[in-house]
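Asks: Quick one: the structure is below, and I'll ask about it shortly.
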Amino acid sequence: MAWASLARLPNERLNIHAHDVTPHSIQLYEWYTGNIGTTVRHEYLPATTRPVPRTGPDLLNTPRAALIAEDGTAPAAVSSALLSASPAQQVWQVTADRATTIALPLLYWPAWRARLDGAPVDAWSHSGSGWLSLAVPPGTHRIELRWEGTTLERSSELVSLMAWLAAAALIIAMALRASPPARRAIGLSALAVALGVGAIAALSRLPSGPAVPPPIQTLDFARRPFPHRDPVRFESAGGSHELIAVSIEPPSLRPGDLFTLTLRWRDDRPPERIIVTQELPMGGEFARLFRHARLQTPGDPRISHHTVLTGTLPGPLLLKLTATDAAGRTLTPFASDGSALETTIAGKPAPAITLLGPRIMATPAGASPAARLNVTFDNGIVLRDMDWFFASAHEVCFRPVWQRGRPNVDRADALQVSLRAFGSDGRLIAQADSQPQAGLAPTWAWPAGAWVHDSQCVPANDVLRSNERYTVQIVWYRLADLQPTGEVILWGVGGARLEDLNLPEPPGE
C-alpha cells in the first residue's frame, strides 16, 4: 500500500530547514493563503468561530491580552499578562476593576477547562469572535486553561488502548503456542519495533543546531505558499539572472518609514531593473480587496530604498518583485525545478515573485493627518474619511477610513461592516459586507488612535447618474447573531471629482 500510494507520488521539494518551521511561519502560511488548518473551507474550525479569523495577535505584533466581552456604557478596566502557554495549557493573570466578562485570544472548544484561582469555572464561546470567554470578579486573579478532552475523545482513547492491549495479548498467545524458532522471530520483531520507536523518540529530542537567518525566503501562492529558500532565476535575451540572497533592513518598522532592500545575484549579474510592489495577500476573498497594487516603485537591482505605505496595518508585509530587461520587457522568473512563477498584481497574473518584507509595527497615536469626517458610531468606532467610486461600469469601490475614537464597549468583537449605496429613487447600487480589509484588520486589533484604511470593491447593480443624489448607509454588526452595534447614513451628490464620484455616463446618454 505504501509503494502504491506514497512512493510513486510526484513530490515537489522545497528548500526548508528545520528552524524555518515555527509557529510564526505556519501562521504566516495561513494568513498568506487563507487556508486555515490546511483547508480553504475551514471545516476544522469550531462552528462558533464566526467570522473566520484571518489574523491574530502574534501576526499583528501585538501582545496577547484579555479583552472586554460584554455590552455596557461603562466598560471595565482590564489588564492581563500571559504567564505561560503550551498547546494544551495557558496560564493568565487578569486584573479587573469590577466584575466583568472577558475573552481570551484562544478559540473556544468544549475540551478546554477553565480554573479561576484554582476553582473550576464555566467557559463559553464569545459570539463576536469565537474566543474563549469567562466571568471574572473584581481584583487580580490567576486563570488556568487546560485541554482535558471531550467525552468522545476520552472514550476513543480508551477504545484505542483496549485494542492495543488485545493485540498485545494476541501476540503473546501466538508466541506461547509457536515453535522455538517462531518465538525467536516474534521476539526479535518486537525488539526491533521497540528500538525503532526509541530511536525516533531520541532523534526528535536532538537540538536542531543554530538558527541561521536564511539568505532568501520567497513564496508562490499558486504552488509553493510556504516560505522557502530556493533561488529564483530570471531569463532574458542577454542570459540568466539568478537571485540567491535577499536582506531587508531594518527588519521591523512603522508605516511611512524607509527600508533598504539588498539583492545578491549569482556572479554579480543582475537584470537591468526591478520593480517592488507592496500588496496584501492574494488568495481567496482577498481578490476583491485593493484590486490595485498598494504601492509600486522602481528600484536598483542591487540596493534600493523604499518607503512603507502610509496606512499599512501592523503585521507582515509582502513585496512582489518584478524584473525587466533594458528594453523594459518583463522577465519571467523560474523556480529551481524549471517551472515558471507567477503572482497577481492589480488583479491580473504577472510574472513576479513574493518576498517576505519587514514586519510592520503600530502607528503611534496622534500621527494621523487631519480628518474630513468625524462620524461616531454607538460602538465607539469613528468614520474619519469616506469616498466611493466606480472602478468600471460594473464595479464599485468603497474606501472608508476608520478609527477607534474611544474604548469600544465590546472590544473582543471582530465586527463586520455593511456599506450600502442607494440612488435617489432608493434602488440599491452596490453593497459590500465584510470585516475591515476582509478580516486582515479585525476591530479588536485596532491600535488606539491609529487610522485604519479600508477598501472593498464589489459588483455594481446599477450606475449613478450625473448630479444624482445618493445615500450611503453604514451598519456595523456581529456576524454570529446579526445584531447591529452602530449605524449612520450619509448623503451626497455625484460630481466630477474622484472623491465625489467619478462616474461613467449611462449607455445612451
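Residue numbering restarts at 1 for every chain of the C-alpha cells, chains are lettered A, B, ... in their displayed order, and ligands are numbered from 1 as they appear.
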Quick one: pick out all strand (DSSP E or B) residues within region 260-400 of chain A from a backbone DSSP run and write them as a PyMOL selection string.

Replies: chain A and resi 260-265+273-279+295-299+303-307+315+318-324+330+332-334+340+343-345+348-350+353-356+359-360+375-376+381-392+395-400

Asks: Could you make a table, as a tab-separated table, of the residues of region 354-418 of chain A that have an atom within 12 Å of an atom of region 229-247 of chain A, each with its nearest atom pair and distance in Å to one decimal, counting only C-alpha atoms, in chain and number order?

Replies:
residue	atom	partner	partner_atom	distance
A:Thr354	CA	A:Val232	CA	10.7
A:Leu355	CA	A:Val246	CA	8.6
A:Leu356	CA	A:Val246	CA	9.5
A:Gly357	CA	A:Ser247	CA	9.2
A:Pro358	CA	A:Ser247	CA	9.8

Asks: Could you take the residues named above and write them with N, CA and C atoms, as a PDB file, in the first residue's frame?

Replies:
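Dumped everything to part.pdb:
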ATOM      1  N   THR A 354       7.260  36.652  -4.736  1.00  0.00           N
ATOM      2  CA  THR A 354       6.860  37.305  -3.497  1.00  0.00           C
ATOM      3  C   THR A 354       7.952  37.117  -2.460  1.00  0.00           C
ATOM      4  N   LEU A 355       8.400  38.212  -1.874  1.00  0.00           N
ATOM      5  CA  LEU A 355       9.386  38.192  -0.804  1.00  0.00           C
ATOM      6  C   LEU A 355       8.699  38.518   0.515  1.00  0.00           C
ATOM      7  N   LEU A 356       9.259  38.011   1.595  1.00  0.00           N
ATOM      8  CA  LEU A 356       8.820  38.422   2.922  1.00  0.00           C
ATOM      9  C   LEU A 356       9.456  39.759   3.242  1.00  0.00           C
ATOM     10  N   GLY A 357       8.627  40.777   3.424  1.00  0.00           N
ATOM     11  CA  GLY A 357       9.135  42.104   3.720  1.00  0.00           C
ATOM     12  C   GLY A 357       9.344  42.304   5.208  1.00  0.00           C
ATOM     13  N   PRO A 358       9.574  43.531   5.639  1.00  0.00           N
ATOM     14  CA  PRO A 358       9.765  43.818   7.068  1.00  0.00           C
ATOM     15  C   PRO A 358       8.457  43.656   7.833  1.00  0.00           C
TER      16      PRO A 358
END

Asks: Can you pull out every residue from region 101-188 of chain A that DSSP, working from the backbone, puts in alpha helix (DSSP H), and format the result as a PyMOL selection string?

Replies: chain A and resi 151-177+180-188

Asks: Show me, as JSON lines, the residues of region 108-153 of chain A having an atom within 7 Å of region 37-50 of chain A, each with the closest atom pair and its distance in Å, using only C-alpha atoms.

Replies:
{"residue": "A:Trp109", "atom": "CA", "partner": "A:Pro46", "partner_atom": "CA", "distance": 6.7}
{"residue": "A:Ser125", "atom": "CA", "partner": "A:Thr48", "partner_atom": "CA", "distance": 6.7}
{"residue": "A:Gly128", "atom": "CA", "partner": "A:Arg50", "partner_atom": "CA", "distance": 6.9}
{"residue": "A:Ser129", "atom": "CA", "partner": "A:Arg50", "partner_atom": "CA", "distance": 5.8}
{"residue": "A:Gly130", "atom": "CA", "partner": "A:Thr49", "partner_atom": "CA", "distance": 4.1}

Asks: Write to file, as a compact mmCIF listing (two decimals), in the first residue's frame, the residues of the selection just made, with N, CA and C atoms.

Replies:
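Below is the file that was written, out-v2.txt:
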# COMPACT_ATOMS: atom_id res chain seq x y z
N TRP A 109 -13.36 25.61 22.60
CA TRP A 109 -13.79 24.26 22.27
C TRP A 109 -14.13 23.59 23.59
N SER A 125 -18.12 30.24 24.39
CA SER A 125 -17.61 30.90 23.18
C SER A 125 -18.17 32.31 23.09
N GLY A 128 -18.89 37.16 19.33
CA GLY A 128 -18.34 38.11 18.36
C GLY A 128 -17.05 37.67 17.72
N SER A 129 -16.43 36.58 18.22
CA SER A 129 -15.15 36.16 17.66
C SER A 129 -14.90 34.67 17.78
N GLY A 130 -15.62 33.97 18.64
CA GLY A 130 -15.33 32.57 18.88
C GLY A 130 -14.27 32.34 19.93

Asks: Within 12 Å of region 95-97 of chain A, counting only C-alpha atoms, which residues qualify if same-chain residues fewer than 2 places away don't, as number ranges by chain?

Replies: A: 65-68, 74-81, 92-93, 99-102, 135-143

Asks: Do you have the CA of Met162 (chain A)-CA of Ala111 (chain A) distance handy?

Replies: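 Taking CA of Met162 (chain A) as the start and CA of Ala111 (chain A) as the end point, the length is 22.3 Å.
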